[in-house]
Amino acid sequence: MSALAYDGLAMAGRQLRRVRNSPGLAVLTQMMPVNMLLFFGYVFGSAIAMPGREYRAFLVPGLLVATAAGGLMTGMFQAAADTHRGVTDRFRSLPVSRAAVPLGQAVADLVVTAVGTVPLLLVGLAVGWRIEGSALAAAGAVGLLLLFRFACTCAGVFLGLLSRSEEAAGQLGASSFVLPLLSDAYIPTDHLPGWLRTLAEWNPISAVTTALRDLFGNAPVPPGAAWPVAHPVAGSLAWSLLLIAVFLPAAVRRYGRGE
């Protein structure tokens with residue numbers, strides 16, 4: 001086993017132990033999307049007209065992607081906490097691969113996300129959401145979702161290493177909740193003003209959400225959309241790979257330099 005793989009698994013194990021030692025926080029984090037599904041689905045769902053479609057079935061893929069985008073916030077929090085509490089300095093003094101620490105954090109977050117997605121899917125099934133497409137297409141949708149989560153976590157780790165304090169990382173991370181609101185995660189973009197629809201459709205969250213709806217068979221690709229939404233699978237892959245290519249090497253370089 002290579003040094004990077006060995007060290008990366010060790011760092012991922014450390015992150016997973018942190019989750020195990022804070023079960024209350026983990027449960028609250030995983031319950032938030034479920035609460036949003038019930039709230040949006042039953043409170044707002046009755047007020048949102050979806051011709052030929054059930055709003056809760058439309059909403060579930062959007063919440064899955066909004067939760068995946070939360071990797072930006074969690075990656076930022078964890079990286080900033082380790083940086084400003086001296087943990088990364090201790091790791092940097094050890095003979096550990098420079099890429100192992102940010103990569104291990106992102107991999108551990110991916111494992112936690114994969115497990116935490118199950119309750120949301122089960123509640124979605126309970127409120128009427130169904131997988132209408134093939135099993136292969138559904139597996140592809142889950143793969144795209146996890147790839148996007150990994151990409152968002154890489155971006156969060158870099159920003160957390162770049163932050164000047166834990167408080168600054170917390171404020172910046174909390175502001176990321178706006179990103180799903182500027183997408184088609186919760187509502188269709190068909191009737192938005194032209195400039196706002198363009199902004200929403202070039203949001204990576206919109207491409208991944210549309211890809212999941214298409215692969216799950218919950219909603220067709222909207223006509224006349226921008227390229228990432230008109231070609232959602234290709235757009236999702238392009239956005240995710242671009243984020244990883246930019247932010248993972250940047251996080252490794254930032255970690256290697258120190259503060």
# chains A, B, ... in the order shown; residues from 1 in each chain; ligands from 1

$ residues_around --residues "stretch 29-44 of chain A" --least-positions-apart "6" --cutoff "12 Å" --atoms "only C-alpha atoms" --output "PDB file with all heavy atoms, in the first residue's frame"
ATOM      1  N   VAL A  19     -16.631  11.718  14.512  1.00  0.00           N
ATOM      2  CA  VAL A  19     -18.084  11.600  14.348  1.00  0.00           C
ATOM      3  C   VAL A  19     -18.650  10.630  15.384  1.00  0.00           C
ATOM      4  O   VAL A  19     -19.691  10.883  15.996  1.00  0.00           O
ATOM      5  CB  VAL A  19     -18.427  11.131  12.922  1.00  0.00           C
ATOM      6  CG1 VAL A  19     -19.931  10.894  12.775  1.00  0.00           C
ATOM      7  CG2 VAL A  19     -17.954  12.160  11.893  1.00  0.00           C
ATOM      8  N   SER A  22     -19.104  12.129  18.753  1.00  0.00           N
ATOM      9  CA  SER A  22     -20.108  13.199  18.855  1.00  0.00           C
ATOM     10  C   SER A  22     -21.402  12.727  18.198  1.00  0.00           C
ATOM     11  O   SER A  22     -21.855  13.308  17.197  1.00  0.00           O
ATOM     12  CB  SER A  22     -19.601  14.478  18.183  1.00  0.00           C
ATOM     13  OG  SER A  22     -18.383  14.904  18.727  1.00  0.00           O
ATOM     14  N   PRO A  23     -22.029  11.676  18.743  1.00  0.00           N
ATOM     15  CA  PRO A  23     -23.209  11.112  18.075  1.00  0.00           C
ATOM     16  C   PRO A  23     -24.387  12.073  18.027  1.00  0.00           C
ATOM     17  O   PRO A  23     -25.156  12.071  17.065  1.00  0.00           O
ATOM     18  CB  PRO A  23     -23.533   9.873  18.922  1.00  0.00           C
ATOM     19  CG  PRO A  23     -22.924  10.155  20.259  1.00  0.00           C
ATOM     20  CD  PRO A  23     -21.696  10.957  19.980  1.00  0.00           C
ATOM     21  N   MET A  50     -47.463  22.183  -9.309  1.00  0.00           N
ATOM     22  CA  MET A  50     -46.555  21.382 -10.116  1.00  0.00           C
ATOM     23  C   MET A  50     -47.405  20.557 -11.078  1.00  0.00           C
ATOM     24  O   MET A  50     -47.818  19.437 -10.747  1.00  0.00           O
ATOM     25  CB  MET A  50     -45.720  20.451  -9.230  1.00  0.00           C
ATOM     26  CG  MET A  50     -44.832  21.178  -8.219  1.00  0.00           C
ATOM     27  SD  MET A  50     -43.431  21.988  -8.999  1.00  0.00           S
ATOM     28  CE  MET A  50     -42.554  20.584  -9.620  1.00  0.00           C
ATOM     29  N   GLU A  54     -45.939  15.507  -8.460  1.00  0.00           N
ATOM     30  CA  GLU A  54     -46.099  15.645  -7.023  1.00  0.00           C
ATOM     31  C   GLU A  54     -44.901  16.407  -6.470  1.00  0.00           C
ATOM     32  O   GLU A  54     -43.742  16.058  -6.746  1.00  0.00           O
ATOM     33  CB  GLU A  54     -46.185  14.255  -6.377  1.00  0.00           C
ATOM     34  CG  GLU A  54     -46.075  14.249  -4.869  1.00  0.00           C
ATOM     35  CD  GLU A  54     -47.193  15.036  -4.214  1.00  0.00           C
ATOM     36  OE1 GLU A  54     -48.354  14.857  -4.619  1.00  0.00           O
ATOM     37  OE2 GLU A  54     -46.883  15.847  -3.305  1.00  0.00           O
ATOM     38  N   TYR A  55     -45.160  17.472  -5.705  1.00  0.00           N
ATOM     39  CA  TYR A  55     -44.065  18.340  -5.273  1.00  0.00           C
ATOM     40  C   TYR A  55     -43.045  17.596  -4.422  1.00  0.00           C
ATOM     41  O   TYR A  55     -41.845  17.826  -4.549  1.00  0.00           O
ATOM     42  CB  TYR A  55     -44.604  19.549  -4.504  1.00  0.00           C
ATOM     43  CG  TYR A  55     -43.500  20.456  -4.009  1.00  0.00           C
ATOM     44  CD1 TYR A  55     -42.705  21.171  -4.901  1.00  0.00           C
ATOM     45  CD2 TYR A  55     -43.209  20.558  -2.644  1.00  0.00           C
ATOM     46  CE1 TYR A  55     -41.677  21.978  -4.450  1.00  0.00           C
ATOM     47  CE2 TYR A  55     -42.188  21.363  -2.191  1.00  0.00           C
ATOM     48  CZ  TYR A  55     -41.420  22.074  -3.101  1.00  0.00           C
ATOM     49  OH  TYR A  55     -40.390  22.867  -2.647  1.00  0.00           O
ATOM     50  N   ARG A  56     -43.502  16.703  -3.545  1.00  0.00           N
ATOM     51  CA  ARG A  56     -42.553  16.014  -2.675  1.00  0.00           C
ATOM     52  C   ARG A  56     -41.607  15.121  -3.483  1.00  0.00           C
ATOM     53  O   ARG A  56     -40.433  14.989  -3.139  1.00  0.00           O
ATOM     54  CB  ARG A  56     -43.300  15.217  -1.609  1.00  0.00           C
ATOM     55  CG  ARG A  56     -43.906  16.102  -0.526  1.00  0.00           C
ATOM     56  CD  ARG A  56     -44.513  15.293   0.599  1.00  0.00           C
ATOM     57  NE  ARG A  56     -45.709  14.576   0.172  1.00  0.00           N
ATOM     58  CZ  ARG A  56     -46.933  15.113   0.141  1.00  0.00           C
ATOM     59  NH1 ARG A  56     -47.111  16.380   0.503  1.00  0.00           N
ATOM     60  NH2 ARG A  56     -47.975  14.406  -0.254  1.00  0.00           N
ATOM     61  N   ALA A  57     -42.114  14.517  -4.564  1.00  0.00           N
ATOM     62  CA  ALA A  57     -41.241  13.730  -5.439  1.00  0.00           C
ATOM     63  C   ALA A  57     -40.234  14.630  -6.157  1.00  0.00           C
ATOM     64  O   ALA A  57     -39.095  14.234  -6.412  1.00  0.00           O
ATOM     65  CB  ALA A  57     -42.071  12.958  -6.462  1.00  0.00           C
ATOM     66  N   PHE A  58     -40.653  15.854  -6.480  1.00  0.00           N
ATOM     67  CA  PHE A  58     -39.764  16.839  -7.090  1.00  0.00           C
ATOM     68  C   PHE A  58     -38.723  17.330  -6.093  1.00  0.00           C
ATOM     69  O   PHE A  58     -37.574  17.609  -6.448  1.00  0.00           O
ATOM     70  CB  PHE A  58     -40.612  18.010  -7.605  1.00  0.00           C
ATOM     71  CG  PHE A  58     -39.829  19.145  -8.209  1.00  0.00           C
ATOM     72  CD1 PHE A  58     -39.457  19.118  -9.546  1.00  0.00           C
ATOM     73  CD2 PHE A  58     -39.474  20.255  -7.445  1.00  0.00           C
ATOM     74  CE1 PHE A  58     -38.750  20.170 -10.114  1.00  0.00           C
ATOM     75  CE2 PHE A  58     -38.770  21.309  -8.007  1.00  0.00           C
ATOM     76  CZ  PHE A  58     -38.407  21.264  -9.339  1.00  0.00           C
ATOM     77  N   LEU A  59     -39.114  17.408  -4.813  1.00  0.00           N
ATOM     78  CA  LEU A  59     -38.267  18.011  -3.786  1.00  0.00           C
ATOM     79  C   LEU A  59     -37.150  17.099  -3.318  1.00  0.00           C
ATOM     80  O   LEU A  59     -36.049  17.577  -3.008  1.00  0.00           O
ATOM     81  CB  LEU A  59     -39.145  18.414  -2.592  1.00  0.00           C
ATOM     82  CG  LEU A  59     -38.453  19.043  -1.371  1.00  0.00           C
ATOM     83  CD1 LEU A  59     -37.795  20.366  -1.754  1.00  0.00           C
ATOM     84  CD2 LEU A  59     -39.468  19.255  -0.242  1.00  0.00           C
ATOM     85  N   VAL A  60     -37.388  15.798  -3.243  1.00  0.00           N
ATOM     86  CA  VAL A  60     -36.406  14.882  -2.654  1.00  0.00           C
ATOM     87  C   VAL A  60     -35.041  14.971  -3.349  1.00  0.00           C
ATOM     88  O   VAL A  60     -34.012  15.122  -2.668  1.00  0.00           O
ATOM     89  CB  VAL A  60     -36.934  13.436  -2.642  1.00  0.00           C
ATOM     90  CG1 VAL A  60     -35.822  12.448  -2.294  1.00  0.00           C
ATOM     91  CG2 VAL A  60     -38.070  13.301  -1.639  1.00  0.00           C
ATOM     92  N   PRO A  61     -34.938  14.905  -4.685  1.00  0.00           N
ATOM     93  CA  PRO A  61     -33.615  15.053  -5.304  1.00  0.00           C
ATOM     94  C   PRO A  61     -32.965  16.399  -4.981  1.00  0.00           C
ATOM     95  O   PRO A  61     -31.739  16.468  -4.801  1.00  0.00           O
ATOM     96  CB  PRO A  61     -33.910  14.920  -6.802  1.00  0.00           C
ATOM     97  CG  PRO A  61     -35.175  14.118  -6.866  1.00  0.00           C
ATOM     98  CD  PRO A  61     -35.978  14.573  -5.700  1.00  0.00           C
ATOM     99  N   GLY A  62     -33.765  17.459  -4.922  1.00  0.00           N
ATOM    100  CA  GLY A  62     -33.206  18.762  -4.584  1.00  0.00           C
ATOM    101  C   GLY A  62     -32.608  18.794  -3.190  1.00  0.00           C
ATOM    102  O   GLY A  62     -31.533  19.370  -2.969  1.00  0.00           O
ATOM    103  N   LEU A  63     -33.284  18.161  -2.232  1.00  0.00           N
ATOM    104  CA  LEU A  63     -32.755  18.114  -0.871  1.00  0.00           C
ATOM    105  C   LEU A  63     -31.506  17.237  -0.788  1.00  0.00           C
ATOM    106  O   LEU A  63     -30.586  17.528  -0.017  1.00  0.00           O
ATOM    107  CB  LEU A  63     -33.820  17.598   0.093  1.00  0.00           C
ATOM    108  CG  LEU A  63     -34.872  18.623   0.531  1.00  0.00           C
ATOM    109  CD1 LEU A  63     -35.944  17.964   1.376  1.00  0.00           C
ATOM    110  CD2 LEU A  63     -34.212  19.757   1.314  1.00  0.00           C
ATOM    111  N   LEU A  64     -31.477  16.168  -1.559  1.00  0.00           N
ATOM    112  CA  LEU A  64     -30.267  15.344  -1.594  1.00  0.00           C
ATOM    113  C   LEU A  64     -29.061  16.159  -2.049  1.00  0.00           C
ATOM    114  O   LEU A  64     -27.973  16.083  -1.456  1.00  0.00           O
ATOM    115  CB  LEU A  64     -30.481  14.148  -2.534  1.00  0.00           C
ATOM    116  CG  LEU A  64     -31.404  13.036  -2.039  1.00  0.00           C
ATOM    117  CD1 LEU A  64     -31.707  12.062  -3.176  1.00  0.00           C
ATOM    118  CD2 LEU A  64     -30.791  12.291  -0.862  1.00  0.00           C
ATOM    119  N   VAL A  65     -29.255  16.959  -3.079  1.00  0.00           N
ATOM    120  CA  VAL A  65     -28.146  17.754  -3.609  1.00  0.00           C
ATOM    121  C   VAL A  65     -27.815  18.917  -2.677  1.00  0.00           C
ATOM    122  O   VAL A  65     -26.644  19.256  -2.487  1.00  0.00           O
ATOM    123  CB  VAL A  65     -28.465  18.256  -5.026  1.00  0.00           C
ATOM    124  CG1 VAL A  65     -27.313  19.078  -5.585  1.00  0.00           C
ATOM    125  CG2 VAL A  65     -28.754  17.078  -5.951  1.00  0.00           C
ATOM    126  N   ALA A  66     -28.836  19.542  -2.079  1.00  0.00           N
ATOM    127  CA  ALA A  66     -28.569  20.613  -1.122  1.00  0.00           C
ATOM    128  C   ALA A  66     -27.770  20.084   0.062  1.00  0.00           C
ATOM    129  O   ALA A  66     -26.867  20.762   0.581  1.00  0.00           O
ATOM    130  CB  ALA A  66     -29.891  21.220  -0.642  1.00  0.00           C
ATOM    131  N   THR A  67     -28.073  18.865   0.497  1.00  0.00           N
ATOM    132  CA  THR A  67     -27.306  18.246   1.576  1.00  0.00           C
ATOM    133  C   THR A  67     -25.877  17.971   1.129  1.00  0.00           C
ATOM    134  O   THR A  67     -24.921  18.176   1.890  1.00  0.00           O
ATOM    135  CB  THR A  67     -27.977  16.933   2.016  1.00  0.00           C
ATOM    136  OG1 THR A  67     -29.320  17.206   2.416  1.00  0.00           O
ATOM    137  CG2 THR A  67     -27.231  16.296   3.169  1.00  0.00           C
ATOM    138  N   ALA A  68     -25.713  17.517  -0.109  1.00  0.00           N
ATOM    139  CA  ALA A  68     -24.363  17.282  -0.633  1.00  0.00           C
ATOM    140  C   ALA A  68     -23.574  18.584  -0.690  1.00  0.00           C
ATOM    141  O   ALA A  68     -22.380  18.609  -0.378  1.00  0.00           O
ATOM    142  CB  ALA A  68     -24.445  16.652  -2.022  1.00  0.00           C
ATOM    143  N   ALA A  69     -24.237  19.671  -1.074  1.00  0.00           N
ATOM    144  CA  ALA A  69     -23.556  20.973  -1.116  1.00  0.00           C
ATOM    145  C   ALA A  69     -23.132  21.429   0.276  1.00  0.00           C
ATOM    146  O   ALA A  69     -22.236  22.264   0.412  1.00  0.00           O
ATOM    147  CB  ALA A  69     -24.465  22.017  -1.757  1.00  0.00           C
ATOM    148  N   GLY A  70     -23.770  20.874   1.319  1.00  0.00           N
ATOM    149  CA  GLY A  70     -23.365  21.189   2.685  1.00  0.00           C
ATOM    150  C   GLY A  70     -21.958  20.748   3.008  1.00  0.00           C
ATOM    151  O   GLY A  70     -21.406  21.126   4.049  1.00  0.00           O
ATOM    152  N   GLY A  71     -21.344  19.914   2.139  1.00  0.00           N
ATOM    153  CA  GLY A  71     -19.942  19.567   2.331  1.00  0.00           C
ATOM    154  C   GLY A  71     -19.041  20.791   2.340  1.00  0.00           C
ATOM    155  O   GLY A  71     -17.971  20.779   2.957  1.00  0.00           O
ATOM    156  N   MET A  73     -19.718  23.569   3.859  1.00  0.00           N
ATOM    157  CA  MET A  73     -19.749  24.079   5.211  1.00  0.00           C
ATOM    158  C   MET A  73     -19.020  23.162   6.189  1.00  0.00           C
ATOM    159  O   MET A  73     -18.192  23.608   6.983  1.00  0.00           O
ATOM    160  CB  MET A  73     -21.193  24.273   5.659  1.00  0.00           C
ATOM    161  CG  MET A  73     -21.363  24.819   7.059  1.00  0.00           C
ATOM    162  SD  MET A  73     -23.074  25.314   7.406  1.00  0.00           S
ATOM    163  CE  MET A  73     -23.947  23.772   7.100  1.00  0.00           C
ATOM    164  N   THR A  74     -19.289  21.860   6.129  1.00  0.00           N
ATOM    165  CA  THR A  74     -18.656  20.951   7.077  1.00  0.00           C
ATOM    166  C   THR A  74     -17.148  20.860   6.845  1.00  0.00           C
ATOM    167  O   THR A  74     -16.367  20.808   7.796  1.00  0.00           O
ATOM    168  CB  THR A  74     -19.277  19.553   6.972  1.00  0.00           C
ATOM    169  OG1 THR A  74     -19.184  19.076   5.629  1.00  0.00           O
ATOM    170  CG2 THR A  74     -20.734  19.582   7.373  1.00  0.00           C
ATOM    171  N   VAL A 112     -19.602   9.364   5.808  1.00  0.00           N
ATOM    172  CA  VAL A 112     -20.681   9.832   6.681  1.00  0.00           C
ATOM    173  C   VAL A 112     -21.889  10.257   5.859  1.00  0.00           C
ATOM    174  O   VAL A 112     -23.043   9.963   6.203  1.00  0.00           O
ATOM    175  CB  VAL A 112     -20.186  10.990   7.566  1.00  0.00           C
ATOM    176  CG1 VAL A 112     -21.333  11.588   8.369  1.00  0.00           C
ATOM    177  CG2 VAL A 112     -19.089  10.501   8.501  1.00  0.00           C
ATOM    178  N   THR A 113     -21.646  10.927   4.740  1.00  0.00           N
ATOM    179  CA  THR A 113     -22.745  11.368   3.877  1.00  0.00           C
ATOM    180  C   THR A 113     -23.500  10.181   3.281  1.00  0.00           C
ATOM    181  O   THR A 113     -24.728  10.176   3.217  1.00  0.00           O
ATOM    182  CB  THR A 113     -22.196  12.250   2.740  1.00  0.00           C
ATOM    183  OG1 THR A 113     -21.566  13.396   3.308  1.00  0.00           O
ATOM    184  CG2 THR A 113     -23.310  12.705   1.817  1.00  0.00           C
ATOM    185  N   ALA A 114     -22.750   9.166   2.834  1.00  0.00           N
ATOM    186  CA  ALA A 114     -23.393   7.987   2.243  1.00  0.00           C
ATOM    187  C   ALA A 114     -24.318   7.311   3.251  1.00  0.00           C
ATOM    188  O   ALA A 114     -25.440   6.904   2.911  1.00  0.00           O
ATOM    189  CB  ALA A 114     -22.327   7.012   1.752  1.00  0.00           C
ATOM    190  N   VAL A 115     -23.864   7.221   4.497  1.00  0.00           N
ATOM    191  CA  VAL A 115     -24.704   6.617   5.535  1.00  0.00           C
ATOM    192  C   VAL A 115     -25.884   7.521   5.868  1.00  0.00           C
ATOM    193  O   VAL A 115     -27.022   7.074   6.024  1.00  0.00           O
ATOM    194  CB  VAL A 115     -23.867   6.317   6.795  1.00  0.00           C
ATOM    195  CG1 VAL A 115     -24.758   5.830   7.937  1.00  0.00           C
ATOM    196  CG2 VAL A 115     -22.792   5.287   6.482  1.00  0.00           C
ATOM    197  N   GLY A 116     -25.629   8.825   5.959  1.00  0.00           N
ATOM    198  CA  GLY A 116     -26.674   9.765   6.338  1.00  0.00           C
ATOM    199  C   GLY A 116     -27.730   9.983   5.279  1.00  0.00           C
ATOM    200  O   GLY A 116     -28.818  10.504   5.578  1.00  0.00           O
ATOM    201  N   THR A 117     -27.437   9.598   4.031  1.00  0.00           N
ATOM    202  CA  THR A 117     -28.420   9.743   2.960  1.00  0.00           C
ATOM    203  C   THR A 117     -29.562   8.743   3.094  1.00  0.00           C
ATOM    204  O   THR A 117     -30.686   9.004   2.646  1.00  0.00           O
ATOM    205  CB  THR A 117     -27.729   9.571   1.591  1.00  0.00           C
ATOM    206  OG1 THR A 117     -26.734  10.593   1.441  1.00  0.00           O
ATOM    207  CG2 THR A 117     -28.711   9.681   0.450  1.00  0.00           C
ATOM    208  N   VAL A 118     -29.298   7.622   3.745  1.00  0.00           N
ATOM    209  CA  VAL A 118     -30.302   6.557   3.839  1.00  0.00           C
ATOM    210  C   VAL A 118     -31.586   7.025   4.535  1.00  0.00           C
ATOM    211  O   VAL A 118     -32.688   6.781   4.027  1.00  0.00           O
ATOM    212  CB  VAL A 118     -29.706   5.315   4.530  1.00  0.00           C
ATOM    213  CG1 VAL A 118     -30.774   4.248   4.756  1.00  0.00           C
ATOM    214  CG2 VAL A 118     -28.554   4.758   3.705  1.00  0.00           C
ATOM    215  N   PRO A 119     -31.509   7.692   5.710  1.00  0.00           N
ATOM    216  CA  PRO A 119     -32.763   8.141   6.340  1.00  0.00           C
ATOM    217  C   PRO A 119     -33.585   9.075   5.457  1.00  0.00           C
ATOM    218  O   PRO A 119     -34.821   8.976   5.429  1.00  0.00           O
ATOM    219  CB  PRO A 119     -32.289   8.858   7.613  1.00  0.00           C
ATOM    220  CG  PRO A 119     -30.949   8.288   7.897  1.00  0.00           C
ATOM    221  CD  PRO A 119     -30.344   7.988   6.571  1.00  0.00           C
ATOM    222  N   LEU A 120     -32.913   9.977   4.729  1.00  0.00           N
ATOM    223  CA  LEU A 120     -33.647  10.898   3.859  1.00  0.00           C
ATOM    224  C   LEU A 120     -34.350  10.136   2.739  1.00  0.00           C
ATOM    225  O   LEU A 120     -35.509  10.433   2.410  1.00  0.00           O
ATOM    226  CB  LEU A 120     -32.696  11.941   3.279  1.00  0.00           C
ATOM    227  CG  LEU A 120     -33.308  12.979   2.331  1.00  0.00           C
ATOM    228  CD1 LEU A 120     -34.448  13.729   2.997  1.00  0.00           C
ATOM    229  CD2 LEU A 120     -32.245  13.958   1.843  1.00  0.00           C
ATOM    230  N   LEU A 121     -33.683   9.135   2.165  1.00  0.00           N
ATOM    231  CA  LEU A 121     -34.313   8.339   1.120  1.00  0.00           C
ATOM    232  C   LEU A 121     -35.513   7.560   1.665  1.00  0.00           C
ATOM    233  O   LEU A 121     -36.558   7.469   1.009  1.00  0.00           O
ATOM    234  CB  LEU A 121     -33.295   7.376   0.516  1.00  0.00           C
ATOM    235  CG  LEU A 121     -32.163   8.007  -0.307  1.00  0.00           C
ATOM    236  CD1 LEU A 121     -31.172   6.938  -0.741  1.00  0.00           C
ATOM    237  CD2 LEU A 121     -32.704   8.757  -1.513  1.00  0.00           C
ATOM    238  N   LEU A 122     -35.388   7.013   2.867  1.00  0.00           N
ATOM    239  CA  LEU A 122     -36.494   6.248   3.453  1.00  0.00           C
ATOM    240  C   LEU A 122     -37.691   7.148   3.746  1.00  0.00           C
ATOM    241  O   LEU A 122     -38.842   6.773   3.472  1.00  0.00           O
ATOM    242  CB  LEU A 122     -36.020   5.558   4.741  1.00  0.00           C
ATOM    243  CG  LEU A 122     -34.987   4.436   4.546  1.00  0.00           C
ATOM    244  CD1 LEU A 122     -34.538   3.901   5.898  1.00  0.00           C
ATOM    245  CD2 LEU A 122     -35.544   3.323   3.682  1.00  0.00           C
ATOM    246  N   VAL A 123     -37.434   8.334   4.285  1.00  0.00           N
ATOM    247  CA  VAL A 123     -38.535   9.269   4.536  1.00  0.00           C
ATOM    248  C   VAL A 123     -39.131   9.731   3.214  1.00  0.00           C
ATOM    249  O   VAL A 123     -40.357   9.891   3.091  1.00  0.00           O
ATOM    250  CB  VAL A 123     -38.054  10.467   5.383  1.00  0.00           C
ATOM    251  CG1 VAL A 123     -39.161  11.498   5.544  1.00  0.00           C
ATOM    252  CG2 VAL A 123     -37.595   9.989   6.755  1.00  0.00           C
ATOM    253  N   GLY A 124     -38.293   9.941   2.209  1.00  0.00           N
ATOM    254  CA  GLY A 124     -38.809  10.299   0.891  1.00  0.00           C
ATOM    255  C   GLY A 124     -39.740   9.245   0.337  1.00  0.00           C
ATOM    256  O   GLY A 124     -40.810   9.559  -0.208  1.00  0.00           O
ATOM    257  N   LEU A 125     -39.365   7.982   0.493  1.00  0.00           N
ATOM    258  CA  LEU A 125     -40.243   6.895   0.054  1.00  0.00           C
ATOM    259  C   LEU A 125     -41.554   6.901   0.834  1.00  0.00           C
ATOM    260  O   LEU A 125     -42.627   6.638   0.283  1.00  0.00           O
ATOM    261  CB  LEU A 125     -39.540   5.550   0.225  1.00  0.00           C
ATOM    262  CG  LEU A 125     -38.367   5.277  -0.727  1.00  0.00           C
ATOM    263  CD1 LEU A 125     -37.610   4.030  -0.283  1.00  0.00           C
ATOM    264  CD2 LEU A 125     -38.845   5.137  -2.164  1.00  0.00           C
ATOM    265  N   ALA A 126     -41.463   7.237   2.124  1.00  0.00           N
ATOM    266  CA  ALA A 126     -42.665   7.242   2.966  1.00  0.00           C
ATOM    267  C   ALA A 126     -43.641   8.347   2.574  1.00  0.00           C
ATOM    268  O   ALA A 126     -44.855   8.193   2.743  1.00  0.00           O
ATOM    269  CB  ALA A 126     -42.273   7.398   4.434  1.00  0.00           C
ATOM    270  N   VAL A 127     -43.132   9.467   2.024  1.00  0.00           N
ATOM    271  CA  VAL A 127     -44.024  10.586   1.695  1.00  0.00           C
ATOM    272  C   VAL A 127     -44.401  10.610   0.213  1.00  0.00           C
ATOM    273  O   VAL A 127     -45.002  11.564  -0.258  1.00  0.00           O
ATOM    274  CB  VAL A 127     -43.393  11.939   2.096  1.00  0.00           C
ATOM    275  CG1 VAL A 127     -43.122  11.979   3.590  1.00  0.00           C
ATOM    276  CG2 VAL A 127     -42.117  12.227   1.293  1.00  0.00           C
ATOM    277  N   GLY A 128     -44.016   9.569  -0.530  1.00  0.00           N
ATOM    278  CA  GLY A 128     -44.500   9.486  -1.902  1.00  0.00           C
ATOM    279  C   GLY A 128     -43.467   9.534  -3.001  1.00  0.00           C
ATOM    280  O   GLY A 128     -43.806   9.361  -4.172  1.00  0.00           O
ATOM    281  N   TRP A 129     -42.198   9.772  -2.661  1.00  0.00           N
ATOM    282  CA  TRP A 129     -41.161   9.780  -3.694  1.00  0.00           C
ATOM    283  C   TRP A 129     -40.869   8.358  -4.136  1.00  0.00           C
ATOM    284  O   TRP A 129     -40.869   7.425  -3.325  1.00  0.00           O
ATOM    285  CB  TRP A 129     -39.898  10.428  -3.146  1.00  0.00           C
ATOM    286  CG  TRP A 129     -38.708  10.315  -4.056  1.00  0.00           C
ATOM    287  CD1 TRP A 129     -38.476  11.012  -5.199  1.00  0.00           C
ATOM    288  CD2 TRP A 129     -37.586   9.443  -3.880  1.00  0.00           C
ATOM    289  NE1 TRP A 129     -37.286  10.638  -5.760  1.00  0.00           N
ATOM    290  CE2 TRP A 129     -36.714   9.675  -4.969  1.00  0.00           C
ATOM    291  CE3 TRP A 129     -37.231   8.492  -2.924  1.00  0.00           C
ATOM    292  CZ2 TRP A 129     -35.514   8.995  -5.118  1.00  0.00           C
ATOM    293  CZ3 TRP A 129     -36.035   7.809  -3.067  1.00  0.00           C
ATOM    294  CH2 TRP A 129     -35.194   8.058  -4.151  1.00  0.00           C
ATOM    295  N   ALA A 185     -33.263  23.530  -6.762  1.00  0.00           N
ATOM    296  CA  ALA A 185     -33.391  22.464  -5.764  1.00  0.00           C
ATOM    297  C   ALA A 185     -34.788  22.425  -5.166  1.00  0.00           C
ATOM    298  O   ALA A 185     -35.326  21.346  -4.887  1.00  0.00           O
ATOM    299  CB  ALA A 185     -32.351  22.646  -4.663  1.00  0.00           C
ATOM    300  N   TYR A 186     -35.404  23.597  -4.965  1.00  0.00           N
ATOM    301  CA  TYR A 186     -36.688  23.663  -4.270  1.00  0.00           C
ATOM    302  C   TYR A 186     -37.848  24.048  -5.184  1.00  0.00           C
ATOM    303  O   TYR A 186     -38.986  23.681  -4.916  1.00  0.00           O
ATOM    304  CB  TYR A 186     -36.605  24.664  -3.105  1.00  0.00           C
ATOM    305  CG  TYR A 186     -35.497  24.351  -2.120  1.00  0.00           C
ATOM    306  CD1 TYR A 186     -34.684  25.364  -1.619  1.00  0.00           C
ATOM    307  CD2 TYR A 186     -35.270  23.049  -1.691  1.00  0.00           C
ATOM    308  CE1 TYR A 186     -33.676  25.080  -0.716  1.00  0.00           C
ATOM    309  CE2 TYR A 186     -34.261  22.763  -0.789  1.00  0.00           C
ATOM    310  CZ  TYR A 186     -33.464  23.778  -0.310  1.00  0.00           C
ATOM    311  OH  TYR A 186     -32.455  23.502   0.591  1.00  0.00           O
ATOM    312  N   ILE A 187     -37.558  24.803  -6.226  1.00  0.00           N
ATOM    313  CA  ILE A 187     -38.628  25.234  -7.125  1.00  0.00           C
ATOM    314  C   ILE A 187     -38.122  25.168  -8.571  1.00  0.00           C
ATOM    315  O   ILE A 187     -36.908  25.259  -8.811  1.00  0.00           O
ATOM    316  CB  ILE A 187     -39.084  26.679  -6.827  1.00  0.00           C
ATOM    317  CG1 ILE A 187     -37.912  27.656  -6.986  1.00  0.00           C
ATOM    318  CG2 ILE A 187     -39.721  26.788  -5.454  1.00  0.00           C
ATOM    319  CD1 ILE A 187     -38.307  29.118  -6.932  1.00  0.00           C
TER     320      ILE A 187
END

$ residues_around --residues "A:Ala168" --least-positions-apart "6" --cutoff "12 Å" --atoms "only C-alpha atoms" --output "list in words"
Met73, Met76, Phe77, Ala80, Ala81, His84, Leu159, Gly160, Leu161, Leu162, Ala174 and Ser175 of chain A

$ write_last_selection --atoms "C-alpha atoms" --output "tab-separated table (two decimals), in the first residue's frame"
chain	number	residue	atom	x	y	z
A	73	MET	CA	-19.75	24.08	5.21
A	76	MET	CA	-14.71	24.45	6.19
A	77	PHE	CA	-15.62	23.99	9.86
A	80	ALA	CA	-10.60	25.62	10.34
A	81	ALA	CA	-10.98	23.94	13.74
A	84	HIS	CA	-6.57	27.10	14.63
A	159	LEU	CA	-11.46	27.63	2.48
A	160	GLY	CA	-11.17	26.34	6.05
A	161	LEU	CA	-7.37	26.19	5.77
A	162	LEU	CA	-7.43	29.69	4.31
A	174	ALA	CA	-23.28	29.51	7.37
A	175	SER	CA	-23.75	31.87	4.43
